[in-house]
$ cat protein28.txt   # compact mmCIF, C-alpha atoms
# COMPACT_ATOMS: atom_id res chain seq x y z
CA MET Z 20 0.00 0.00 0.00
CA PRO Z 21 1.16 3.57 -0.58
CA PRO Z 22 2.42 5.36 2.51
CA SER Z 23 0.07 7.41 4.65
CA SER Z 24 -0.38 11.01 3.62
CA ASP Z 25 0.69 12.15 7.10
CA GLN Z 26 4.18 12.72 5.71
CA PRO Z 27 4.60 16.48 5.14
CA LEU Z 28 5.85 17.92 1.86
CA ARG Z 29 8.86 19.69 3.32
CA ASP Z 30 11.13 20.36 0.35
CA ALA Z 31 11.35 19.84 -3.39
CA GLN Z 32 13.52 16.73 -3.23
CA GLY Z 33 11.41 15.08 -0.53
CA THR Z 34 8.22 16.01 -2.34
CA ALA Z 35 9.40 14.44 -5.57
CA ALA Z 36 10.36 11.26 -3.75
CA GLN Z 37 6.98 11.06 -2.02
CA PHE Z 38 5.13 11.52 -5.28
CA ALA Z 39 6.54 8.23 -6.52
CA THR Z 40 4.14 6.50 -4.12
CA THR Z 41 1.16 8.80 -3.51
CA HIS Z 42 -2.24 7.21 -4.09
CA TRP Z 43 -3.20 8.87 -7.36
CA SER Z 44 0.32 8.66 -8.78
CA VAL Z 45 0.25 4.90 -8.16
CA VAL Z 46 -3.08 4.67 -9.97
CA LEU Z 47 -1.87 6.71 -12.94
CA ALA Z 48 1.39 4.80 -13.17
CA ALA Z 49 -0.53 1.53 -13.43
CA GLY Z 50 -2.03 2.66 -16.73
CA GLN Z 51 -3.90 -0.12 -18.46
CA SER Z 52 -2.24 -2.96 -16.59
CA ALA Z 53 -3.80 -4.77 -13.66
CA SER Z 54 -2.14 -3.73 -10.43
CA THR Z 55 -3.17 -4.77 -6.92
CA GLU Z 56 -1.38 -1.76 -5.48
CA ALA Z 57 -3.19 0.60 -7.86
CA ASN Z 58 -6.55 -0.99 -7.11
CA GLN Z 59 -5.93 -0.61 -3.37
CA ALA Z 60 -4.90 3.01 -3.85
CA LEU Z 61 -7.97 3.74 -5.96
CA GLU Z 62 -10.30 2.07 -3.47
CA LEU Z 63 -8.82 4.09 -0.61
CA LEU Z 64 -9.37 7.32 -2.54
CA CYS Z 65 -12.94 6.30 -3.32
CA ARG Z 66 -13.64 5.47 0.33
CA THR Z 67 -12.39 8.91 1.31
CA TYR Z 68 -14.16 11.00 -1.32
CA TRP Z 69 -17.50 9.26 -1.84
CA TYR Z 70 -19.66 11.92 -0.19
CA PRO Z 71 -18.94 14.73 -2.72
CA LEU Z 72 -20.19 12.38 -5.45
CA TYR Z 73 -23.31 11.46 -3.49
CA ALA Z 74 -24.04 15.17 -2.99
CA TYR Z 75 -23.51 15.76 -6.72
CA VAL Z 76 -25.98 13.02 -7.66
CA ARG Z 77 -28.57 14.29 -5.17
CA ARG Z 78 -28.24 17.84 -6.48
CA LYS Z 79 -28.86 16.48 -9.99
CA GLY Z 80 -32.37 15.72 -8.83
CA TYR Z 81 -32.29 12.03 -7.87
CA ASP Z 82 -34.05 11.07 -4.66
CA ALA Z 83 -32.11 9.64 -1.74
CA HIS Z 84 -32.70 5.96 -2.48
CA VAL Z 85 -31.81 6.22 -6.16
CA ALA Z 86 -28.81 8.43 -5.39
CA GLN Z 87 -27.53 5.79 -2.97
CA ASP Z 88 -27.94 3.10 -5.62
CA LEU Z 89 -26.26 5.22 -8.26
CA THR Z 90 -23.30 6.12 -6.08
CA GLN Z 91 -22.76 2.53 -4.96
CA GLU Z 92 -23.09 1.18 -8.50
CA PHE Z 93 -20.73 3.80 -9.83
CA PHE Z 94 -18.01 2.86 -7.36
CA ALA Z 95 -18.56 -0.85 -7.99
CA ARG Z 96 -18.05 -0.32 -11.72
CA LEU Z 97 -15.13 2.04 -11.24
CA LEU Z 98 -13.28 -0.43 -9.02
CA ALA Z 99 -14.22 -3.52 -11.02
CA ARG Z 100 -13.42 -2.27 -14.52
CA ASN Z 101 -10.40 -0.83 -16.21
CA TYR Z 102 -11.27 2.85 -16.04
CA LEU Z 103 -7.61 3.68 -15.54
CA SER Z 104 -7.03 3.65 -19.29
CA VAL Z 105 -8.96 6.92 -19.59
CA ALA Z 106 -7.02 8.67 -16.83
CA ASP Z 107 -4.86 11.34 -18.45
CA ARG Z 108 -1.68 12.07 -16.53
CA ASN Z 109 -1.57 15.51 -18.17
CA LYS Z 110 -4.97 16.25 -16.61
CA GLY Z 111 -4.01 14.51 -13.47
CA LYS Z 112 -6.33 15.61 -10.68
CA PHE Z 113 -8.26 12.73 -9.17
CA ARG Z 114 -11.11 15.17 -8.44
CA SER Z 115 -11.56 15.94 -12.15
CA PHE Z 116 -11.16 12.32 -13.20
CA LEU Z 117 -13.73 11.05 -10.73
CA LEU Z 118 -16.35 13.66 -11.60
CA GLY Z 119 -15.83 13.06 -15.32
CA CYS Z 120 -16.34 9.32 -14.86
CA LEU Z 121 -19.48 9.92 -12.81
CA GLU Z 122 -20.95 12.26 -15.42
CA HIS Z 123 -20.26 9.65 -18.11
CA PHE Z 124 -21.88 6.97 -15.96
CA LEU Z 125 -25.01 9.03 -15.32
CA ALA Z 126 -25.38 10.10 -18.93
CA ARG Z 127 -24.69 6.85 -20.76
CA GLU Z 128 -24.44 3.77 -18.59
CA TRP Z 129 -27.17 3.93 -15.96
CA THR Z 130 -30.59 2.43 -16.52
CA ARG Z 131 -33.30 2.24 -13.84
CA PRO Z 132 -33.36 -1.60 -13.62
CA HIS Z 133 -29.76 -1.50 -12.36
CA ALA Z 134 -31.06 0.02 -9.14
CA GLN Z 135 -32.22 -3.44 -8.11
CA LYS Z 136 -28.64 -4.61 -7.70
CA ARG Z 137 -25.80 -2.53 -6.41
CA GLY Z 138 -22.50 -3.50 -7.97
CA GLY Z 139 -24.07 -6.66 -9.39
CA GLY Z 140 -25.18 -7.54 -5.87
CA GLN Z 141 -21.60 -7.39 -4.54
CA PRO Z 142 -20.81 -3.85 -3.32
CA LEU Z 143 -17.08 -3.48 -2.78
CA PHE Z 144 -17.57 -1.21 0.20
CA SER Z 145 -20.61 0.07 2.00
CA LEU Z 146 -21.58 3.73 2.03
CA ASP Z 147 -22.99 5.13 5.25
CA GLU Z 148 -26.29 5.97 3.62
CA THR Z 149 -28.03 7.38 6.69
CA ASP Z 150 -25.13 9.71 7.39
CA ALA Z 151 -24.93 10.65 3.71
CA GLU Z 152 -28.55 11.77 3.53
CA ASN Z 153 -28.39 13.55 6.88
CA ARG Z 154 -25.37 15.46 5.65
CA TYR Z 155 -27.05 16.27 2.37
CA LEU Z 156 -30.17 17.60 4.11
CA ARG Z 157 -27.93 20.19 5.80
CA GLU Z 158 -26.68 21.46 2.44
CA PRO Z 159 -27.99 24.83 1.10
CA ALA Z 160 -31.28 24.08 -0.64
CA HIS Z 161 -30.76 25.97 -3.91
CA GLU Z 162 -27.60 27.97 -3.49
CA LEU Z 163 -25.10 25.63 -5.14
CA SER Z 164 -25.11 23.85 -8.50
CA ALA Z 165 -24.23 20.15 -8.59
CA GLU Z 166 -20.70 21.02 -9.75
CA LYS Z 167 -20.23 23.64 -7.03
CA ILE Z 168 -21.51 21.39 -4.28
CA PHE Z 169 -19.18 18.64 -5.47
CA ASP Z 170 -16.11 20.91 -5.37
CA ARG Z 171 -17.06 22.42 -2.01
CA ARG Z 172 -17.64 19.07 -0.37
CA TRP Z 173 -14.44 17.77 -1.90
CA ALA Z 174 -12.59 20.65 -0.23
CA THR Z 175 -14.25 20.12 3.16
CA THR Z 176 -13.62 16.36 3.01
CA LEU Z 177 -9.94 17.03 2.33
CA LEU Z 178 -9.70 19.46 5.26
CA ASP Z 179 -11.52 17.00 7.52
CA GLN Z 180 -9.05 14.27 6.55
CA ALA Z 181 -6.10 16.50 7.39
CA MET Z 182 -7.66 17.49 10.72
CA ALA Z 183 -8.33 13.85 11.60
CA ARG Z 184 -4.69 12.99 10.91
CA LEU Z 185 -3.55 15.87 13.09
CA ARG Z 186 -5.78 14.63 15.88
CA GLU Z 187 -4.26 11.14 15.58
CA GLU Z 188 -0.76 12.59 15.80
CA CYS Z 189 -1.68 14.67 18.87
CA LEU Z 190 -3.23 11.68 20.62
CA ALA Z 191 -0.14 9.60 19.86
CA SER Z 192 2.11 12.29 21.38
CA GLN Z 193 -0.06 12.81 24.48
CA LYS Z 194 -1.36 16.16 23.24
CA GLY Z 195 -4.97 15.19 22.75
CA ASP Z 196 -6.27 17.73 25.25
CA LEU Z 197 -4.34 20.53 23.56
CA PHE Z 198 -5.78 19.52 20.19
CA GLU Z 199 -9.38 19.28 21.37
CA LYS Z 200 -9.36 22.64 23.11
CA SER Z 201 -7.47 24.51 20.37
CA GLN Z 202 -9.12 22.95 17.31
CA ASN Z 203 -11.18 26.05 16.52
CA TYR Z 204 -8.00 28.11 16.36
CA LEU Z 205 -6.66 25.76 13.69
CA SER Z 206 -9.72 25.88 11.44
CA GLY Z 207 -10.18 29.64 11.63
CA GLU Z 208 -13.25 29.44 13.89
CA LYS Z 209 -11.73 30.97 16.99
CA GLY Z 210 -15.01 31.90 18.62
CA GLU Z 211 -15.17 33.75 21.91
CA ALA Z 212 -12.35 32.05 23.81
CA SER Z 213 -9.12 34.05 24.00
CA TYR Z 214 -5.58 32.71 24.15
CA ALA Z 215 -5.57 33.71 27.82
CA ASP Z 216 -8.70 31.64 28.46
CA LEU Z 217 -7.26 28.69 26.57
CA ALA Z 218 -3.96 28.96 28.47
CA ALA Z 219 -5.79 29.00 31.81
CA THR Z 220 -7.84 25.95 30.83
CA LEU Z 221 -4.73 23.98 29.90
CA GLY Z 222 -2.54 25.24 32.71
CA MET Z 223 -0.07 26.91 30.35
CA SER Z 224 1.21 30.44 29.95
CA GLU Z 225 -0.34 32.57 27.24
CA ALA Z 226 2.99 32.74 25.42
CA ALA Z 227 3.34 28.95 25.53
CA ILE Z 228 -0.16 28.37 24.21
CA LYS Z 229 0.43 30.77 21.32
CA VAL Z 230 3.57 28.84 20.35
CA ALA Z 231 1.77 25.49 20.68
CA VAL Z 232 -1.18 26.63 18.56
CA HIS Z 233 1.18 28.09 15.94
CA ARG Z 234 2.97 24.74 15.66
CA LEU Z 235 -0.31 22.86 15.37
CA ARG Z 236 -1.54 25.26 12.72
CA GLN Z 237 1.72 24.84 10.80
CA ARG Z 238 1.44 21.05 11.01
CA TYR Z 239 -2.18 21.21 9.90
CA GLY Z 240 -1.10 23.15 6.82
CA GLU Z 241 1.48 20.47 6.05
CA LEU Z 242 -1.13 17.75 6.36
CA VAL Z 243 -3.55 19.61 4.09
CA ARG Z 244 -0.83 19.82 1.44
CA ALA Z 245 0.02 16.16 1.93
CA GLU Z 246 -3.65 15.19 1.56
CA ILE Z 247 -3.86 17.16 -1.67
CA ALA Z 248 -0.71 15.40 -2.86
CA GLN Z 249 -2.58 12.11 -2.73
CA THR Z 250 -5.06 13.38 -5.33
CA VAL Z 251 -2.85 15.06 -7.94
CA ALA Z 252 -0.27 13.74 -10.37
CA SER Z 253 2.76 15.95 -9.65
CA PRO Z 254 4.20 18.20 -6.93
CA LYS Z 255 3.62 21.35 -8.96
CA GLU Z 256 -0.14 20.74 -8.90
CA VAL Z 257 -0.38 20.90 -5.10
CA ASP Z 258 -0.38 24.70 -4.86
CA GLU Z 259 -2.74 25.01 -7.82
CA GLU Z 260 -5.24 22.62 -6.26
CA LEU Z 261 -4.87 24.24 -2.84
CA GLN Z 262 -5.64 27.68 -4.26
CA TYR Z 263 -8.60 26.37 -6.24
CA LEU Z 264 -10.20 24.55 -3.32
CA PHE Z 265 -9.75 27.46 -0.93
CA ALA Z 266 -11.32 29.75 -3.54
CA VAL Z 267 -14.29 27.37 -3.77
CA LEU Z 268 -14.77 27.58 0.01
CA ARG Z 269 -14.72 31.37 -0.09
CA GLU Z 270 -17.48 31.60 -2.72

$ encode --input "protein28.txt" --output "structure tokens"
Amino acid sequence: MPPSSDQPLRDAQGTAAQFATTHWSVVLAAGQSASTEANQALELLCRTYWYPLYAYVRRKGYDAHVAQDLTQEFFARLLARNYLSVADRNKGKFRSFLLGCLEHFLAREWTRPHAQKRGGGQPLFSLDETDAENRYLREPAHELSAEKIFDRRWATTLLDQAMARLREECLASQKGDLFEKSQNYLSGEKGEASYADLAATLGMSEAAIKVAVHRLRQRYGELVRAEIAQTVASPKEVDEELQYLFAVLRE
């Protein structure tokens, strides 16, 4: 399996070395040949980013049950067939590839009778359908197009993944309490609590808490970049994708 994306992209040489084994680079490198490693990498990416596609299908007008069937069937076909042959390394973002494949699937390959069997009756992984619909019901009713909701949920999923990895690191280094109480400072949702309040809660000086939060914020930024690296084809695309996704969140 490719290494975890919790390895930061610290310098050009290290970044290039890491890109030899990031998830999407493994998939692209496999090309048209069968590769267990590529299939595992693709499945992991699909497990991570399934909700943006579900939201896209729902916003296209399908009801919850049909959208669940469509999303599950799409992933079953994607993982069972050789879709890698249409992946263009020169247009290497996994986000663009996945949405393009879904649009093709909805336009040309789906027929209503298929809804009776998801993935030919053998789904390769199970979507949390209750959670998916609950999340979708919290989406803006008419504000976003299907494409916009896909990109925005892709961005928030990526940020959530990076935050979850940071939490794991903090727990492993006995800093779980610091993470839980300072998480809003990392995501830009500071709220009413001041650094002085946070310092008092954690039994630290205000200066020490500012340093600790700065280091966590810096590490979070590294993990966001590393998460993006798993979904693009080359190091130079990381900044481009980062800027695009942050712009989507600001809209």

$ residues_around --input "protein28.txt" --residues "Glu256 of chain Z" --least-positions-apart "6" --cutoff "9 Å" --atoms "only C-alpha atoms" --output "compact mmCIF listing (two decimals) with C-alpha atoms, keeping the file's coordinate frame"
# COMPACT_ATOMS: atom_id res chain seq x y z
CA GLY Z 111 -4.01 14.51 -13.47
CA LYS Z 112 -6.33 15.61 -10.68
CA ILE Z 247 -3.86 17.16 -1.67
CA ALA Z 248 -0.71 15.40 -2.86

$ axis_aligned_box --input "protein28.txt" --around "segment 56-72 of chain Z" --padding-each-side "8 Å" --output "JSON"
{"center_x": -10.8, "center_y": 6.5, "center_z": -3.3, "size_x": 34.8, "size_y": 32.5, "size_z": 25.2}

$ closest_residue --input "protein28.txt" --among "Z:Asp170, Z:Glu225, Z:Asp216, Z:Asp196" --to "Leu261 of chain Z" --atoms "all atoms listed in the file"
Z:Asp170

$ atom_distance --input "protein28.txt" --atom1 "atom CA of Tyr73 of chain Z" --atom2 "atom CA of Leu89 of chain Z"
8.4 Å

$ closest_residue --input "protein28.txt" --among "Z:Ser253, Z:Gln262, Z:Gln237, Z:Ser115" --to "Leu205 of chain Z" --atoms "all atoms listed in the file"
Z:Gln237

$ residues_near_point --input "protein28.txt" --point "(-27.8, 21.0, -13.4)" --cutoff "7 Å" --atoms "only C-alpha atoms" --output "compact mmCIF listing (two decimals) with C-alpha atoms, in the coordinates of the input"
# COMPACT_ATOMS: atom_id res chain seq x y z
CA LYS Z 79 -28.86 16.48 -9.99
CA SER Z 164 -25.11 23.85 -8.50
CA ALA Z 165 -24.23 20.15 -8.59

$ residues_around --input "protein28.txt" --residues "segment 185-192 of chain Z" --least-positions-apart "5" --cutoff "10 Å" --atoms "all atoms listed in the file" --output "PDB file with C-alpha atoms, in the coordinates of the input"
ATOM      1  CA  ASP Z  25       0.690  12.150   7.100  1.00  0.00           C
ATOM      2  CA  ASP Z 179     -11.520  17.000   7.520  1.00  0.00           C
ATOM      3  CA  GLN Z 180      -9.050  14.270   6.550  1.00  0.00           C
ATOM      4  CA  LEU Z 197      -4.340  20.530  23.560  1.00  0.00           C
ATOM      5  CA  PHE Z 198      -5.780  19.520  20.190  1.00  0.00           C
ATOM      6  CA  GLU Z 199      -9.380  19.280  21.370  1.00  0.00           C
ATOM      7  CA  GLN Z 202      -9.120  22.950  17.310  1.00  0.00           C
ATOM      8  CA  LEU Z 235      -0.310  22.860  15.370  1.00  0.00           C
ATOM      9  CA  ARG Z 236      -1.540  25.260  12.720  1.00  0.00           C
ATOM     10  CA  ARG Z 238       1.440  21.050  11.010  1.00  0.00           C
ATOM     11  CA  TYR Z 239      -2.180  21.210   9.900  1.00  0.00           C
ATOM     12  CA  GLY Z 240      -1.100  23.150   6.820  1.00  0.00           C
ATOM     13  CA  GLU Z 241       1.480  20.470   6.050  1.00  0.00           C
ATOM     14  CA  LEU Z 242      -1.130  17.750   6.360  1.00  0.00           C
ATOM     15  CA  VAL Z 243      -3.550  19.610   4.090  1.00  0.00           C
TER      16      VAL Z 243
END

$ residues_around --input "protein28.txt" --residues "Arg269 of chain Z" --least-positions-apart "2" --cutoff "12 Å" --atoms "only C-alpha atoms" --output "list in words"
Lys167, Asp170, Arg171, Ala174, Thr175, Gln262, Tyr263, Leu264, Phe265, Ala266 and Val267 of chain Z

$ closest_residue --input "protein28.txt" --among "Z:Leu121, Z:Glu56, Z:Arg244, Z:Gly222" --to "Glu166 of chain Z" --atoms "all atoms listed in the file"
Z:Leu121

$ atom_distance --input "protein28.txt" --atom1 "atom CA of Trp69 of chain Z" --atom2 "atom CA of Ala151 of chain Z"
9.4 Å

$ decode --input "protein28.txt" --residues "segment 215-234 of chain Z" --atoms "N, CA, C and O atoms" --output "compact mmCIF listing (two decimals), in the first residue's frame"
# COMPACT_ATOMS: atom_id res chain seq x y z
N ALA Z 215 -5.71 33.72 26.36
CA ALA Z 215 -5.57 33.71 27.82
C ALA Z 215 -6.51 32.68 28.45
O ALA Z 215 -6.11 31.94 29.36
N ASP Z 216 -7.74 32.63 27.94
CA ASP Z 216 -8.70 31.64 28.46
C ASP Z 216 -8.22 30.22 28.18
O ASP Z 216 -8.32 29.34 29.03
N LEU Z 217 -7.74 30.01 26.96
CA LEU Z 217 -7.26 28.69 26.57
C LEU Z 217 -6.06 28.29 27.42
O LEU Z 217 -5.97 27.14 27.88
N ALA Z 218 -5.15 29.23 27.65
CA ALA Z 218 -3.96 28.96 28.47
C ALA Z 218 -4.36 28.58 29.89
O ALA Z 218 -3.81 27.63 30.47
N ALA Z 219 -5.34 29.29 30.45
CA ALA Z 219 -5.79 29.00 31.81
C ALA Z 219 -6.42 27.61 31.88
O ALA Z 219 -6.21 26.86 32.84
N THR Z 220 -7.20 27.26 30.86
CA THR Z 220 -7.84 25.95 30.83
C THR Z 220 -6.83 24.82 30.80
O THR Z 220 -7.02 23.78 31.44
N LEU Z 221 -5.73 25.03 30.08
CA LEU Z 221 -4.73 23.98 29.90
C LEU Z 221 -3.59 24.07 30.89
O LEU Z 221 -2.66 23.25 30.85
N GLY Z 222 -3.61 25.09 31.74
CA GLY Z 222 -2.54 25.24 32.71
C GLY Z 222 -1.22 25.63 32.09
O GLY Z 222 -0.15 25.18 32.53
N MET Z 223 -1.26 26.45 31.05
CA MET Z 223 -0.07 26.91 30.35
C MET Z 223 -0.04 28.43 30.37
O MET Z 223 -1.05 29.08 30.62
N SER Z 224 1.13 29.00 30.09
CA SER Z 224 1.21 30.44 29.95
C SER Z 224 0.62 30.84 28.61
O SER Z 224 0.53 30.03 27.68
N GLU Z 225 0.21 32.10 28.49
CA GLU Z 225 -0.34 32.57 27.24
C GLU Z 225 0.68 32.49 26.12
O GLU Z 225 0.35 32.14 24.98
N ALA Z 226 1.93 32.81 26.43
CA ALA Z 226 2.99 32.74 25.42
C ALA Z 226 3.18 31.31 24.94
O ALA Z 226 3.35 31.04 23.75
N ALA Z 227 3.15 30.36 25.89
CA ALA Z 227 3.34 28.95 25.53
C ALA Z 227 2.20 28.44 24.67
O ALA Z 227 2.42 27.68 23.72
N ILE Z 228 0.98 28.86 24.99
CA ILE Z 228 -0.16 28.37 24.21
C ILE Z 228 -0.14 28.94 22.80
O ILE Z 228 -0.50 28.27 21.83
N LYS Z 229 0.32 30.18 22.64
CA LYS Z 229 0.43 30.77 21.32
C LYS Z 229 1.44 30.00 20.47
O LYS Z 229 1.20 29.75 19.28
N VAL Z 230 2.56 29.62 21.07
CA VAL Z 230 3.57 28.84 20.35
C VAL Z 230 3.00 27.47 19.97
O VAL Z 230 3.17 26.98 18.84
N ALA Z 231 2.32 26.83 20.93
CA ALA Z 231 1.77 25.49 20.68
C ALA Z 231 0.74 25.52 19.56
O ALA Z 231 0.72 24.65 18.67
N VAL Z 232 -0.15 26.53 19.60
CA VAL Z 232 -1.18 26.63 18.56
C VAL Z 232 -0.55 26.94 17.21
O VAL Z 232 -0.96 26.40 16.17
N HIS Z 233 0.47 27.79 17.20
CA HIS Z 233 1.18 28.09 15.94
C HIS Z 233 1.77 26.83 15.34
O HIS Z 233 1.67 26.61 14.12
N ARG Z 234 2.37 25.98 16.16
CA ARG Z 234 2.97 24.74 15.66
C ARG Z 234 1.90 23.78 15.14
O ARG Z 234 2.10 23.13 14.11
